[in-house]
$ cat upload.cif   # mmCIF, C-alpha atoms
data_query
loop_
_atom_site.label_atom_id
_atom_site.label_comp_id
_atom_site.auth_asym_id
_atom_site.auth_seq_id
_atom_site.Cartn_x
_atom_site.Cartn_y
_atom_site.Cartn_z
CA MET A 1 15.11 10.47 11.22
CA VAL A 2 12.85 7.65 10.05
CA ILE A 3 9.07 8.03 10.05
CA ARG A 4 6.71 5.15 9.28
CA HIS A 5 3.37 6.48 8.05
CA PRO A 6 0.45 4.01 7.66
CA ASP A 7 -2.17 4.38 4.91
CA PRO A 8 -5.54 3.40 6.43
CA LEU A 9 -7.33 3.28 3.06
CA ALA A 10 -4.78 0.85 1.60
CA ILE A 11 -5.04 -1.33 4.71
CA LEU A 12 -8.84 -1.34 4.43
CA LEU A 13 -8.71 -2.19 0.73
CA GLN A 14 -6.45 -5.16 1.52
CA VAL A 15 -8.45 -6.44 4.50
CA LEU A 16 -11.95 -6.26 2.97
CA PRO A 17 -11.37 -8.77 0.14
CA ALA A 18 -9.55 -11.08 2.57
CA VAL A 19 -12.49 -11.05 4.99
CA GLY A 20 -14.93 -11.54 2.11
CA LEU A 21 -12.85 -14.41 0.75
CA VAL A 22 -12.78 -16.18 4.14
CA GLY A 23 -16.50 -15.63 4.74
CA TYR A 24 -17.68 -16.53 1.28
CA GLY A 25 -15.16 -19.39 1.03
CA THR A 26 -16.64 -20.87 4.21
CA PHE A 27 -20.15 -20.59 2.72
CA PHE A 28 -18.97 -22.16 -0.55
CA LEU A 29 -17.22 -25.00 1.29
CA ARG A 30 -20.29 -25.70 3.47
CA GLN A 31 -22.43 -26.04 0.34
CA ALA A 32 -19.92 -28.42 -1.27
CA VAL A 33 -19.55 -30.57 1.86
CA ALA A 34 -23.34 -30.80 2.35
CA GLY A 35 -23.65 -32.37 -1.08
CA HIS A 36 -25.30 -29.40 -2.79
CA PRO A 37 -23.33 -28.43 -5.87
CA PRO A 38 -22.55 -24.70 -5.63
CA HIS A 39 -23.88 -22.50 -8.41
CA ALA A 40 -21.51 -21.06 -11.00
CA ALA A 41 -22.32 -17.55 -9.66
CA ASN A 42 -20.97 -18.57 -6.25
CA LEU A 43 -17.74 -19.77 -7.83
CA ALA A 44 -17.49 -16.57 -9.87
CA ILE A 45 -17.83 -14.46 -6.69
CA LEU A 46 -15.13 -16.52 -5.00
CA VAL A 47 -12.77 -16.08 -7.96
CA LEU A 48 -13.53 -12.33 -8.10
CA LEU A 49 -12.73 -11.93 -4.39
CA ALA A 50 -9.47 -13.83 -4.84
CA ALA A 51 -8.54 -11.61 -7.81
CA MET A 52 -9.37 -8.46 -5.81
CA LEU A 53 -7.21 -9.66 -2.92
CA GLY A 54 -4.32 -10.51 -5.23
CA TYR A 55 -4.46 -7.12 -6.93
CA ALA A 56 -4.67 -5.27 -3.59
CA LEU A 57 -1.68 -7.14 -2.19
CA TRP A 58 0.30 -6.59 -5.39
CA LYS A 59 -0.41 -2.88 -5.91
CA LEU A 60 -1.21 -1.22 -2.57
CA SER A 61 1.27 -0.20 0.11
CA PRO A 62 -0.12 -0.10 3.66
CA VAL A 63 2.98 1.64 5.09
CA THR A 64 5.32 4.29 3.71
CA VAL A 65 8.78 4.79 5.23
CA TYR A 66 10.33 8.26 5.09
CA ARG A 67 14.09 8.51 5.74
CA PHE A 68 15.13 12.13 6.33
CA ARG A 69 18.82 13.14 6.34
CA HIS A 70 20.64 16.35 7.22
CA SER A 71 23.80 16.02 5.17
CA PRO A 72 22.98 16.12 2.32
CA ALA A 73 19.47 17.33 3.07
CA LYS A 74 17.19 14.85 1.37
CA VAL A 75 14.33 12.43 1.92
CA GLN A 76 14.03 8.88 0.63
CA ILE A 77 10.44 7.64 0.33
CA GLN A 78 9.81 3.92 0.10
CA ARG A 79 6.43 2.22 0.12
CA LEU A 80 6.37 -1.14 1.89
CA GLY A 81 3.98 -3.63 0.35
CA VAL A 82 2.93 -7.06 1.49
CA THR A 83 4.58 -8.55 -1.60
CA GLY A 84 7.83 -6.59 -1.17
CA LEU A 85 9.49 -3.21 -1.44
CA ARG A 86 8.67 -0.60 -4.05
CA PRO A 87 11.16 1.69 -5.83
CA VAL A 88 12.66 4.50 -3.76
CA LEU A 89 11.57 8.08 -4.49
CA GLU A 90 14.11 10.71 -3.46
CA HIS A 91 13.78 14.50 -3.05
CA ASP A 92 16.55 17.04 -2.48
CA LEU A 93 15.56 19.17 0.52
CA SER A 94 18.53 21.55 0.56
CA ARG A 95 16.36 24.43 -0.71
CA VAL A 96 13.27 23.86 1.46
CA GLN A 97 12.07 27.14 2.91
CA ARG A 98 8.94 26.01 4.76
CA ILE A 99 6.61 23.07 5.27
CA SER A 100 2.83 23.36 5.26
CA ILE A 101 -0.37 21.37 4.93
CA GLU A 102 -2.35 22.39 1.86
CA ARG A 103 -5.78 21.58 0.53
CA TYR A 104 -6.14 20.28 -3.03
CA PRO A 105 -9.14 19.13 -5.10
CA PHE A 106 -9.82 15.41 -5.13
CA GLY A 107 -12.85 13.95 -6.92
CA ARG A 108 -15.89 15.96 -5.84
CA GLY A 109 -14.26 17.06 -2.59
CA HIS A 110 -10.75 17.78 -1.40
CA ARG A 111 -7.83 16.27 0.54
CA TYR A 112 -4.95 17.72 2.51
CA VAL A 113 -1.30 17.00 1.72
CA VAL A 114 2.05 17.82 3.34
CA CYS A 115 3.77 20.34 1.05
CA LEU A 116 7.47 21.27 1.00
CA HIS A 117 7.98 24.82 -0.35
CA LEU A 118 11.32 25.46 -2.09
CA ARG A 119 13.10 28.82 -2.26
CA ASP A 120 12.52 29.11 -6.03
CA GLY A 121 8.72 28.92 -5.60
CA ARG A 122 8.24 25.27 -6.53
CA ARG A 123 6.48 22.79 -4.24
CA ILE A 124 7.15 19.12 -3.53
CA ILE A 125 4.11 16.95 -2.78
CA ASP A 126 4.97 13.76 -4.68
CA GLY A 127 5.10 10.81 -2.28
CA LEU A 128 4.23 12.83 0.81
CA PRO A 129 1.31 11.82 3.06
CA ASP A 130 -2.21 13.05 2.44
CA ALA A 131 -5.48 12.70 4.37
CA VAL A 132 -9.14 13.73 4.37
CA SER A 133 -8.50 16.21 7.19
CA PRO A 134 -5.29 17.97 8.26
CA GLU A 135 -5.17 16.44 11.77
CA PRO A 136 -3.70 13.00 10.86
CA ILE A 137 -0.75 14.52 8.99
CA HIS A 138 -0.11 17.51 11.27
CA ASP A 139 2.33 15.61 13.53
CA PHE A 140 4.26 14.41 10.47
CA ALA A 141 4.66 17.98 9.17
CA VAL A 142 5.72 19.31 12.59
CA ARG A 143 8.33 16.56 13.11
CA VAL A 144 9.86 17.22 9.68
CA ALA A 145 9.86 21.01 10.20
CA ARG A 146 11.58 20.62 13.57
CA PHE A 147 14.11 18.15 12.15
CA TYR A 148 15.22 20.71 9.53
CA GLY A 149 15.01 23.69 11.91
CA LEU A 150 12.06 25.28 10.12
CA ALA A 151 9.89 25.34 13.25
CA PRO A 152 10.62 26.09 16.90
CA GLY A 153 11.02 23.17 19.27
CA PRO A 154 13.32 20.24 19.88
CA GLY A 155 14.56 18.11 16.96
CA ALA A 156 13.00 14.69 16.41
#
$ encode --input "upload.cif" --output "structure tokens"
Amino acid sequence: MVIRHPDPLAILLQVLPAVGLVGYGTFFLRQAVAGHPPHAANLAILVLLAAMLGYALWKLSPVTVYRFRHSPAKVQIQRLGVTGLRPVLEHDLSRVQRISIERYPFGRGHRYVVCLHLRDGRRIIDGLPDAVSPEPIHDFAVRVARFYGLAPGPGA
């Protein structure tokens, strides 16, 4: 089973500098074409927006692909970036007992994350989706639980 899970925050952080760069670049170009030399501050803002866009495209991954397998029971997690693929993270799921959505502290508030509980008491959360509320990741958790027979219902 393959699940593609988008990251809205990463998408937003990639789109905002691009929109700012287009808008401010248009303003900068209009000043230059009109014969008014742009101020150094305007050029600095343009360079800063370009640097922010470059960093966001280089570091952030707007989509994560989860490849779940039955035999052997494992998941491969790969983040897809605009500039290419990231390294694959792999978890052995042969000892998963249950799947839940748990709340964890984040900054001054909290976030929810999909959590895989192993038979020996450990939990796997590394690379799994998280959100501000449990609703956006509920379907993900249910599909995975049904795929491994940990929840009633048809397999995905």
$ atom_distance --input "upload.cif" --atom1 "atom CA of A:Ile125" --atom2 "atom CA of A:Val113"
7.0 Å
$ atom_distance --input "upload.cif" --atom1 "atom CA of A:Gly121" --atom2 "atom CA of A:Ser94"
13.7 Å
$ atom_distance --input "upload.cif" --atom1 "atom CA of A:Ala10" --atom2 "atom CA of A:Lys74"
26.1 Å
$ closest_residue --input "upload.cif" --among "A:Gln31, A:Asn42, A:Gln14, A:Gln76" --to "A:Pro62" --atoms "all atoms listed in the file"
A:Gln14
$ residues_around --input "upload.cif" --residues "A:Arg103" --least-positions-apart "4" --cutoff "10 Å" --atoms "all atoms listed in the file" --output "VMD selection string"
chain A and resid 110 to 115 130 to 134
$ residues_around --input "upload.cif" --residues "A:Asp7" --least-positions-apart "4" --cutoff "10 Å" --atoms "only C-alpha atoms" --output "number ranges by chain"
A: 11-12, 60-64, 129-131
$ build_atoms --input "upload.cif" --residues "stretch 113-126 of chain A" --atoms "N, CA, C and O atoms" --output "mmCIF file, keeping the file's coordinate frame"
data_model
loop_
_atom_site.group_PDB
_atom_site.id
_atom_site.type_symbol
_atom_site.label_atom_id
_atom_site.label_comp_id
_atom_site.auth_asym_id
_atom_site.auth_seq_id
_atom_site.Cartn_x
_atom_site.Cartn_y
_atom_site.Cartn_z
ATOM 1 N N VAL A 113 -2.591 17.640 1.977
ATOM 2 C CA VAL A 113 -1.300 17.000 1.720
ATOM 3 C C VAL A 113 -0.190 17.824 2.370
ATOM 4 O O VAL A 113 -0.294 19.044 2.465
ATOM 5 N N VAL A 114 0.861 17.141 2.835
ATOM 6 C CA VAL A 114 2.050 17.820 3.340
ATOM 7 C C VAL A 114 2.795 18.382 2.127
ATOM 8 O O VAL A 114 3.031 17.677 1.156
ATOM 9 N N CYS A 115 3.147 19.654 2.187
ATOM 10 C CA CYS A 115 3.770 20.340 1.050
ATOM 11 C C CYS A 115 5.096 20.957 1.496
ATOM 12 O O CYS A 115 5.161 21.642 2.508
ATOM 13 N N LEU A 116 6.158 20.682 0.738
ATOM 14 C CA LEU A 116 7.470 21.270 1.000
ATOM 15 C C LEU A 116 7.689 22.404 0.008
ATOM 16 O O LEU A 116 7.720 22.181 -1.194
ATOM 17 N N HIS A 117 7.813 23.639 0.507
ATOM 18 C CA HIS A 117 7.980 24.820 -0.350
ATOM 19 C C HIS A 117 9.471 25.099 -0.528
ATOM 20 O O HIS A 117 10.209 25.240 0.445
ATOM 21 N N LEU A 118 9.921 25.179 -1.784
ATOM 22 C CA LEU A 118 11.320 25.460 -2.090
ATOM 23 C C LEU A 118 11.530 26.960 -2.257
ATOM 24 O O LEU A 118 10.582 27.712 -2.487
ATOM 25 N N ARG A 119 12.783 27.390 -2.162
ATOM 26 C CA ARG A 119 13.100 28.820 -2.260
ATOM 27 C C ARG A 119 12.769 29.409 -3.629
ATOM 28 O O ARG A 119 12.494 30.587 -3.751
ATOM 29 N N ASP A 120 12.802 28.590 -4.688
ATOM 30 C CA ASP A 120 12.520 29.110 -6.030
ATOM 31 C C ASP A 120 11.036 29.124 -6.365
ATOM 32 O O ASP A 120 10.663 29.405 -7.502
ATOM 33 N N GLY A 121 10.168 28.832 -5.386
ATOM 34 C CA GLY A 121 8.720 28.920 -5.600
ATOM 35 C C GLY A 121 8.055 27.594 -5.923
ATOM 36 O O GLY A 121 6.831 27.502 -5.926
ATOM 37 N N ARG A 122 8.835 26.570 -6.238
ATOM 38 C CA ARG A 122 8.240 25.270 -6.530
ATOM 39 C C ARG A 122 7.821 24.583 -5.240
ATOM 40 O O ARG A 122 8.282 24.936 -4.164
ATOM 41 N N ARG A 123 6.939 23.558 -5.397
ATOM 42 C CA ARG A 123 6.480 22.790 -4.240
ATOM 43 C C ARG A 123 6.689 21.303 -4.505
ATOM 44 O O ARG A 123 6.542 20.847 -5.625
ATOM 45 N N ILE A 124 7.010 20.566 -3.450
ATOM 46 C CA ILE A 124 7.150 19.120 -3.530
ATOM 47 C C ILE A 124 5.988 18.499 -2.757
ATOM 48 O O ILE A 124 5.832 18.756 -1.563
ATOM 49 N N ILE A 125 5.162 17.697 -3.461
ATOM 50 C CA ILE A 125 4.110 16.950 -2.780
ATOM 51 C C ILE A 125 4.139 15.475 -3.161
ATOM 52 O O ILE A 125 3.477 14.663 -2.533
ATOM 53 N N ASP A 126 4.921 15.130 -4.169
ATOM 54 C CA ASP A 126 4.970 13.760 -4.680
ATOM 55 C C ASP A 126 5.499 12.795 -3.622
ATOM 56 O O ASP A 126 6.621 12.935 -3.143
#
